[in-house]
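Data block for data.pdb (PDB, C-alpha atoms, pLDDT in the B column):
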```pdb
MODEL        1
ATOM      1  CA  MET X   1       9.683  -9.291 -48.037  1.00 67.00           C
ATOM      2  CA  ALA X   2       6.043  -8.224 -48.302  1.00 84.00           C
ATOM      3  CA  THR X   3       4.729  -5.585 -45.910  1.00 93.00           C
ATOM      4  CA  VAL X   4       1.219  -4.424 -45.081  1.00 96.00           C
ATOM      5  CA  GLU X   5       0.769  -1.280 -42.996  1.00 97.00           C
ATOM      6  CA  LEU X   6      -2.460  -0.471 -41.216  1.00 97.00           C
ATOM      7  CA  ARG X   7      -3.184   2.835 -39.463  1.00 98.00           C
ATOM      8  CA  PHE X   8      -6.307   3.499 -37.473  1.00 97.00           C
ATOM      9  CA  SER X   9      -7.624   6.167 -35.134  1.00 97.00           C
ATOM     10  CA  ALA X  10      -7.346   5.275 -31.457  1.00 97.00           C
ATOM     11  CA  GLN X  11     -10.885   3.978 -31.122  1.00 97.00           C
ATOM     12  CA  PRO X  12     -11.633   0.582 -29.543  1.00 96.00           C
ATOM     13  CA  GLU X  13     -13.976  -0.406 -32.378  1.00 97.00           C
ATOM     14  CA  HIS X  14     -11.037  -0.486 -34.830  1.00 98.00           C
ATOM     15  CA  VAL X  15      -9.160  -3.163 -32.856  1.00 98.00           C
ATOM     16  CA  ARG X  16     -11.391  -5.897 -34.284  1.00 97.00           C
ATOM     17  CA  THR X  17     -10.519  -4.832 -37.820  1.00 97.00           C
ATOM     18  CA  ALA X  18      -6.805  -4.943 -36.990  1.00 97.00           C
ATOM     19  CA  ARG X  19      -7.218  -8.482 -35.592  1.00 97.00           C
ATOM     20  CA  LEU X  20      -9.013  -9.683 -38.710  1.00 97.00           C
ATOM     21  CA  VAL X  21      -6.450  -8.126 -41.064  1.00 97.00           C
ATOM     22  CA  ALA X  22      -3.565  -9.600 -39.046  1.00 97.00           C
ATOM     23  CA  ALA X  23      -5.046 -13.111 -39.154  1.00 97.00           C
ATOM     24  CA  ALA X  24      -5.704 -12.884 -42.903  1.00 96.00           C
ATOM     25  CA  VAL X  25      -2.191 -11.649 -43.684  1.00 96.00           C
ATOM     26  CA  ALA X  26      -0.643 -14.235 -41.320  1.00 96.00           C
ATOM     27  CA  ARG X  27      -2.544 -17.029 -43.077  1.00 96.00           C
ATOM     28  CA  ARG X  28      -1.348 -15.799 -46.451  1.00 94.00           C
ATOM     29  CA  ALA X  29       2.249 -15.534 -45.148  1.00 95.00           C
ATOM     30  CA  GLY X  30       2.198 -19.211 -44.173  1.00 95.00           C
ATOM     31  CA  VAL X  31       1.676 -19.109 -40.418  1.00 96.00           C
ATOM     32  CA  ASP X  32       0.327 -22.478 -39.263  1.00 95.00           C
ATOM     33  CA  GLU X  33      -3.475 -22.575 -38.876  1.00 95.00           C
ATOM     34  CA  ALA X  34      -3.056 -23.681 -35.244  1.00 94.00           C
ATOM     35  CA  LEU X  35      -1.287 -20.367 -34.448  1.00 95.00           C
ATOM     36  CA  LEU X  36      -3.797 -18.014 -36.075  1.00 96.00           C
ATOM     37  CA  ASP X  37      -5.900 -17.655 -32.907  1.00 95.00           C
ATOM     38  CA  GLU X  38      -2.734 -16.671 -31.030  1.00 96.00           C
ATOM     39  CA  VAL X  39      -1.943 -14.079 -33.711  1.00 97.00           C
ATOM     40  CA  ARG X  40      -5.468 -12.690 -33.503  1.00 97.00           C
ATOM     41  CA  LEU X  41      -5.463 -12.517 -29.687  1.00 96.00           C
ATOM     42  CA  ALA X  42      -1.950 -11.042 -29.414  1.00 97.00           C
ATOM     43  CA  VAL X  43      -2.696  -8.346 -31.994  1.00 98.00           C
ATOM     44  CA  GLY X  44      -5.965  -7.550 -30.225  1.00 97.00           C
ATOM     45  CA  GLU X  45      -4.148  -7.115 -26.896  1.00 96.00           C
ATOM     46  CA  ALA X  46      -1.356  -5.007 -28.414  1.00 97.00           C
ATOM     47  CA  CYS X  47      -3.792  -2.786 -30.322  1.00 97.00           C
ATOM     48  CA  SER X  48      -6.084  -2.377 -27.294  1.00 96.00           C
ATOM     49  CA  ARG X  49      -3.052  -1.350 -25.240  1.00 95.00           C
ATOM     50  CA  ALA X  50      -1.967   1.199 -27.870  1.00 96.00           C
ATOM     51  CA  VAL X  51      -5.509   2.596 -28.112  1.00 96.00           C
ATOM     52  CA  GLY X  52      -5.670   2.924 -24.323  1.00 94.00           C
ATOM     53  CA  LEU X  53      -2.310   4.701 -24.172  1.00 94.00           C
ATOM     54  CA  HIS X  54      -3.321   7.140 -26.914  1.00 96.00           C
ATOM     55  CA  ARG X  55      -6.648   7.907 -25.281  1.00 95.00           C
ATOM     56  CA  SER X  56      -5.242   8.332 -21.763  1.00 94.00           C
ATOM     57  CA  HIS X  57      -2.510  10.679 -23.028  1.00 94.00           C
ATOM     58  CA  GLY X  58      -4.775  12.664 -25.372  1.00 95.00           C
ATOM     59  CA  ILE X  59      -2.865  11.677 -28.513  1.00 95.00           C
ATOM     60  CA  THR X  60      -4.826  11.982 -31.749  1.00 95.00           C
ATOM     61  CA  ALA X  61      -2.233  10.343 -34.025  1.00 96.00           C
ATOM     62  CA  PRO X  62      -3.213   6.937 -35.412  1.00 97.00           C
ATOM     63  CA  VAL X  63      -2.080   3.599 -34.024  1.00 98.00           C
ATOM     64  CA  THR X  64       0.120   1.767 -36.539  1.00 98.00           C
ATOM     65  CA  VAL X  65       0.272  -1.937 -37.283  1.00 98.00           C
ATOM     66  CA  VAL X  66       3.001  -3.199 -39.627  1.00 98.00           C
ATOM     67  CA  LEU X  67       2.698  -6.799 -40.822  1.00 98.00           C
ATOM     68  CA  THR X  68       5.797  -8.219 -42.509  1.00 97.00           C
ATOM     69  CA  ASP X  69       6.237 -11.531 -44.316  1.00 95.00           C
ATOM     70  CA  GLU X  70       9.945 -12.275 -43.960  1.00 91.00           C
ATOM     71  CA  GLU X  71      11.829 -15.279 -45.343  1.00 88.00           C
ATOM     72  CA  LYS X  72      11.331 -17.577 -42.343  1.00 92.00           C
ATOM     73  CA  ALA X  73       8.977 -15.628 -40.105  1.00 96.00           C
ATOM     74  CA  PHE X  74       5.923 -13.425 -40.011  1.00 97.00           C
ATOM     75  CA  SER X  75       6.204 -10.366 -37.781  1.00 97.00           C
ATOM     76  CA  ILE X  76       3.791  -7.750 -36.522  1.00 98.00           C
ATOM     77  CA  GLU X  77       4.721  -4.417 -34.980  1.00 98.00           C
ATOM     78  CA  VAL X  78       2.051  -2.436 -33.141  1.00 98.00           C
ATOM     79  CA  GLY X  79       3.170   1.127 -32.535  1.00 97.00           C
ATOM     80  CA  ASP X  80       1.885   3.975 -30.431  1.00 96.00           C
ATOM     81  CA  GLU X  81       3.076   7.558 -30.188  1.00 95.00           C
ATOM     82  CA  VAL X  82       3.244   7.901 -26.395  1.00 93.00           C
ATOM     83  CA  PRO X  83       6.777   9.081 -25.504  1.00 90.00           C
ATOM     84  CA  GLY X  84       8.819   6.753 -23.319  1.00 82.00           C
ATOM     85  CA  PRO X  85      10.674   7.601 -20.115  1.00 71.00           C
ATOM     86  CA  GLY X  86      13.449  10.169 -20.222  1.00 59.00           C
ATOM     87  CA  SER X  87      12.269  11.781 -23.453  1.00 58.00           C
ATOM     88  CA  GLU X  88      11.602  15.515 -23.583  1.00 56.00           C
ATOM     89  CA  ALA X  89       7.924  14.950 -24.388  1.00 50.00           C
ATOM     90  CA  ALA X  90       7.484  12.621 -21.397  1.00 47.00           C
ATOM     91  CA  THR X  91       9.328  15.033 -19.117  1.00 40.00           C
ATOM     92  CA  ALA X  92       7.119  17.874 -20.332  1.00 43.00           C
ATOM     93  CA  THR X  93       4.088  16.176 -18.775  1.00 41.00           C
ATOM     94  CA  GLY X  94       5.581  17.046 -15.404  1.00 38.00           C
ATOM     95  CA  SER X  95       5.045  13.603 -13.949  1.00 38.00           C
ATOM     96  CA  SER X  96       7.452  11.056 -12.609  1.00 38.00           C
ATOM     97  CA  ASP X  97       4.915   8.249 -12.235  1.00 43.00           C
ATOM     98  CA  ALA X  98       5.822   5.364 -14.550  1.00 43.00           C
ATOM     99  CA  THR X  99       3.710   2.563 -15.992  1.00 45.00           C
ATOM    100  CA  PRO X 100       5.015  -1.038 -16.108  1.00 46.00           C
ATOM    101  CA  ASP X 101       6.850  -0.430 -19.386  1.00 51.00           C
ATOM    102  CA  GLY X 102       8.438   2.765 -18.038  1.00 49.00           C
ATOM    103  CA  ARG X 103       6.059   5.264 -19.614  1.00 49.00           C
ATOM    104  CA  THR X 104       5.057   8.372 -17.743  1.00 42.00           C
ATOM    105  CA  GLY X 105       1.755  10.141 -17.252  1.00 43.00           C
ATOM    106  CA  SER X 106      -0.401  11.765 -14.635  1.00 39.00           C
ATOM    107  CA  MET X 107      -1.204   9.638 -11.622  1.00 37.00           C
ATOM    108  CA  ASP X 108      -4.947  10.157 -12.019  1.00 44.00           C
ATOM    109  CA  SER X 109      -5.142   8.802 -15.570  1.00 44.00           C
ATOM    110  CA  GLU X 110      -2.576   6.056 -15.042  1.00 49.00           C
ATOM    111  CA  THR X 111      -3.709   4.480 -11.761  1.00 46.00           C
ATOM    112  CA  ASP X 112      -6.443   2.317 -13.301  1.00 55.00           C
ATOM    113  CA  SER X 113      -4.573   1.622 -16.532  1.00 57.00           C
ATOM    114  CA  ASP X 114      -1.358   0.410 -14.825  1.00 62.00           C
ATOM    115  CA  GLY X 115      -2.897  -2.964 -14.025  1.00 68.00           C
ATOM    116  CA  GLU X 116      -4.528  -3.255 -17.430  1.00 70.00           C
ATOM    117  CA  ASP X 117      -1.232  -2.408 -19.167  1.00 74.00           C
ATOM    118  CA  GLU X 118       0.683  -4.952 -17.104  1.00 80.00           C
ATOM    119  CA  MET X 119      -1.994  -7.594 -17.717  1.00 85.00           C
ATOM    120  CA  GLY X 120      -2.000  -6.892 -21.469  1.00 84.00           C
ATOM    121  CA  LEU X 121       1.778  -7.317 -21.681  1.00 88.00           C
ATOM    122  CA  ALA X 122       1.529 -10.549 -19.659  1.00 90.00           C
ATOM    123  CA  VAL X 123      -1.136 -11.931 -21.998  1.00 92.00           C
ATOM    124  CA  ILE X 124       0.960 -11.060 -25.057  1.00 93.00           C
ATOM    125  CA  SER X 125       4.048 -12.675 -23.507  1.00 92.00           C
ATOM    126  CA  GLY X 126       2.020 -15.803 -22.792  1.00 91.00           C
ATOM    127  CA  LEU X 127       0.725 -16.025 -26.353  1.00 90.00           C
ATOM    128  CA  VAL X 128       3.862 -15.178 -28.312  1.00 93.00           C
ATOM    129  CA  ASP X 129       7.236 -16.884 -27.940  1.00 92.00           C
ATOM    130  CA  ASP X 130       9.127 -14.122 -29.757  1.00 94.00           C
ATOM    131  CA  VAL X 131       8.035 -10.719 -28.404  1.00 95.00           C
ATOM    132  CA  GLU X 132       9.899  -7.463 -27.825  1.00 96.00           C
ATOM    133  CA  VAL X 133       8.606  -4.263 -26.192  1.00 94.00           C
ATOM    134  CA  ARG X 134      10.462  -0.995 -26.911  1.00 94.00           C
ATOM    135  CA  SER X 135       9.725   2.618 -26.071  1.00 91.00           C
ATOM    136  CA  GLY X 136      11.479   5.856 -26.920  1.00 92.00           C
ATOM    137  CA  ALA X 137      10.926   9.531 -27.590  1.00 92.00           C
ATOM    138  CA  ASP X 138       8.795   8.756 -30.675  1.00 92.00           C
ATOM    139  CA  GLY X 139       6.586   6.225 -28.921  1.00 95.00           C
ATOM    140  CA  GLY X 140       6.489   2.523 -28.232  1.00 95.00           C
ATOM    141  CA  VAL X 141       6.429  -0.635 -30.299  1.00 97.00           C
ATOM    142  CA  ILE X 142       5.443  -4.194 -29.508  1.00 97.00           C
ATOM    143  CA  ARG X 143       7.109  -6.527 -32.017  1.00 97.00           C
ATOM    144  CA  MET X 144       5.859 -10.099 -32.248  1.00 97.00           C
ATOM    145  CA  SER X 145       6.854 -12.846 -34.668  1.00 97.00           C
ATOM    146  CA  TRP X 146       5.811 -16.375 -35.578  1.00 96.00           C
ATOM    147  CA  PRO X 147       7.504 -18.986 -37.768  1.00 95.00           C
ATOM    148  CA  THR X 148       6.050 -19.626 -41.207  1.00 94.00           C
ATOM    149  CA  LYS X 149       5.555 -23.005 -42.866  1.00 85.00           C
ATOM    150  CA  SER X 150       8.606 -22.365 -45.054  1.00 68.00           C
ATOM    151  CA  ALA X 151      10.729 -22.034 -41.893  1.00 56.00           C
ATOM    152  CA  ALA X 152       9.316 -25.288 -40.519  1.00 53.00           C
ATOM    153  CA  ALA X 153      10.044 -27.076 -43.811  1.00 55.00           C
ATOM    154  CA  LEU X 154      13.684 -25.941 -43.663  1.00 50.00           C
ATOM    155  CA  ALA X 155      14.171 -27.206 -40.091  1.00 52.00           C
TER
ENDMDL
END
```

If you convert what's in this file into structure tokens, what do you get?
Amino acid sequence: MATVELRFSAQPEHVRTARLVAAAVARRAGVDEALLDEVRLAVGEACSRAVGLHRSHGITAPVTVVLTDEEKAFSIEVGDEVPGPGSEAATATGSSDATPDGRTGSMDSETDSDGEDEMGLAVISGLVDDVEVRSGADGGVIRMSWPTKSAAALA
């Protein structure tokens, strides 16, 4: 199982680099050429969402992207460090307003981003058949996976 890990500061201009790296690694892992645009778009949405969460919550830690070539699938995990609902860090913000994935933040900074966050998750769900969104005290992760050519050959 080969893994590539990418970390970048939460700046919108780095999302393009993450998309390009994801497509290159997916191609090398054996993801069908017809799916590469989906990989690129889904990673762009997930990274843009993570960048937006970091910026709106004042988090300076980098966004992480982990690309893994497994036996029958290629997976990508895009992680942020915004604490999920019920965690001490989220409770410390003093807000009970939740975003669509259950995250908390101040109403002023979240009002405009709620719709964007929901739309981003909808786009990702429309592009990727196998997607999972998790959040906890250490932050959130969007995990996406695609079959590789070796998996298709075995079927």

Handout entry: Near-X:Asp37 list (10 Å; all atoms listed in the file; drop same-chain fewer than 3 positions) as a PyMOL selection string
Key = chain X and resi 19+23+33-34+40-43+127

Problem - Separation of atom CA of X:Pro12 from atom CA of X:Gly79, in Å and rounded to one decimal - result: 15.1 Å

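Computed from the coordinates, the atom CA of X:Val4 to atom CA of X:Glu70 distance equals 11.8 Å.
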
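Put simply, the PyMOL selection byres ((chain X and resi 73) around 7) in this file takes in Asp69, Glu70, Glu71, Lys72, Phe74, Ser75, Ser145, Trp146, Pro147, Thr148 and Ala151 of chain X.
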
Handout entry: Residues within 8 Å of X:Thr64, all atoms listed in the file, excluding chain neighbours under 3 positions, as a PyMOL selection string
Key = chain X and resi 5-8+77-80

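Considering the residues X:Ala122, X:Val82, X:Val128, X:Leu67 and counting only C-alpha atoms, X:Val39 has its shortest atom-to-atom contact with X:Val128.
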
Where is the centre and how long are the edges: axis-aligned box on stretch 125-143 of chain X, 6 Å on each side, Å to one decimal, as JSON:
```
{"center_x": 6.1, "center_y": -3.7, "center_z": -27.4, "size_x": 22.8, "size_y": 38.4, "size_z": 21.2}
```

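Atom CA of X:Lys149 lies 22.7 Å from atom CA of X:Ala18.
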
Which residues match the PyMOL selection byres ((chain X and resi 133-139) around 6) in the file above, as an mmCIF file with C-alpha atoms, in the coordinates of the input?
```
data_model
loop_
_atom_site.group_PDB
_atom_site.id
_atom_site.type_symbol
_atom_site.label_atom_id
_atom_site.label_comp_id
_atom_site.auth_asym_id
_atom_site.auth_seq_id
_atom_site.Cartn_x
_atom_site.Cartn_y
_atom_site.Cartn_z
ATOM 1 C CA ASP X 80 1.885 3.975 -30.431
ATOM 2 C CA GLU X 81 3.076 7.558 -30.188
ATOM 3 C CA VAL X 82 3.244 7.901 -26.395
ATOM 4 C CA PRO X 83 6.777 9.081 -25.504
ATOM 5 C CA GLY X 84 8.819 6.753 -23.319
ATOM 6 C CA SER X 87 12.269 11.781 -23.453
ATOM 7 C CA GLU X 132 9.899 -7.463 -27.825
ATOM 8 C CA GLY X 140 6.489 2.523 -28.232
ATOM 9 C CA VAL X 141 6.429 -0.635 -30.299
ATOM 10 C CA ILE X 142 5.443 -4.194 -29.508
#
```

As a PDB file with C-alpha atoms, keeping the file's coordinate frame, please: the residues near X:Ala61 (cut-off 8 Å, all atoms listed in the file, same-chain neighbours under 6 positions excluded).
```pdb
ATOM      1  CA  SER X   9      -7.624   6.167 -35.134  1.00 97.00           C
ATOM      2  CA  ALA X  10      -7.346   5.275 -31.457  1.00 97.00           C
ATOM      3  CA  HIS X  54      -3.321   7.140 -26.914  1.00 96.00           C
ATOM      4  CA  GLU X  81       3.076   7.558 -30.188  1.00 95.00           C
TER       5      GLU X  81
END
```

Practice task
Counting only C-alpha atoms, figure out which residue out of X:Leu53, X:Met144, X:Val65, X:Ile76 gets nearest to X:Asp117.
Solution key: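 Counting only C-alpha atoms, the residue closest to X:Asp117 is X:Leu53.
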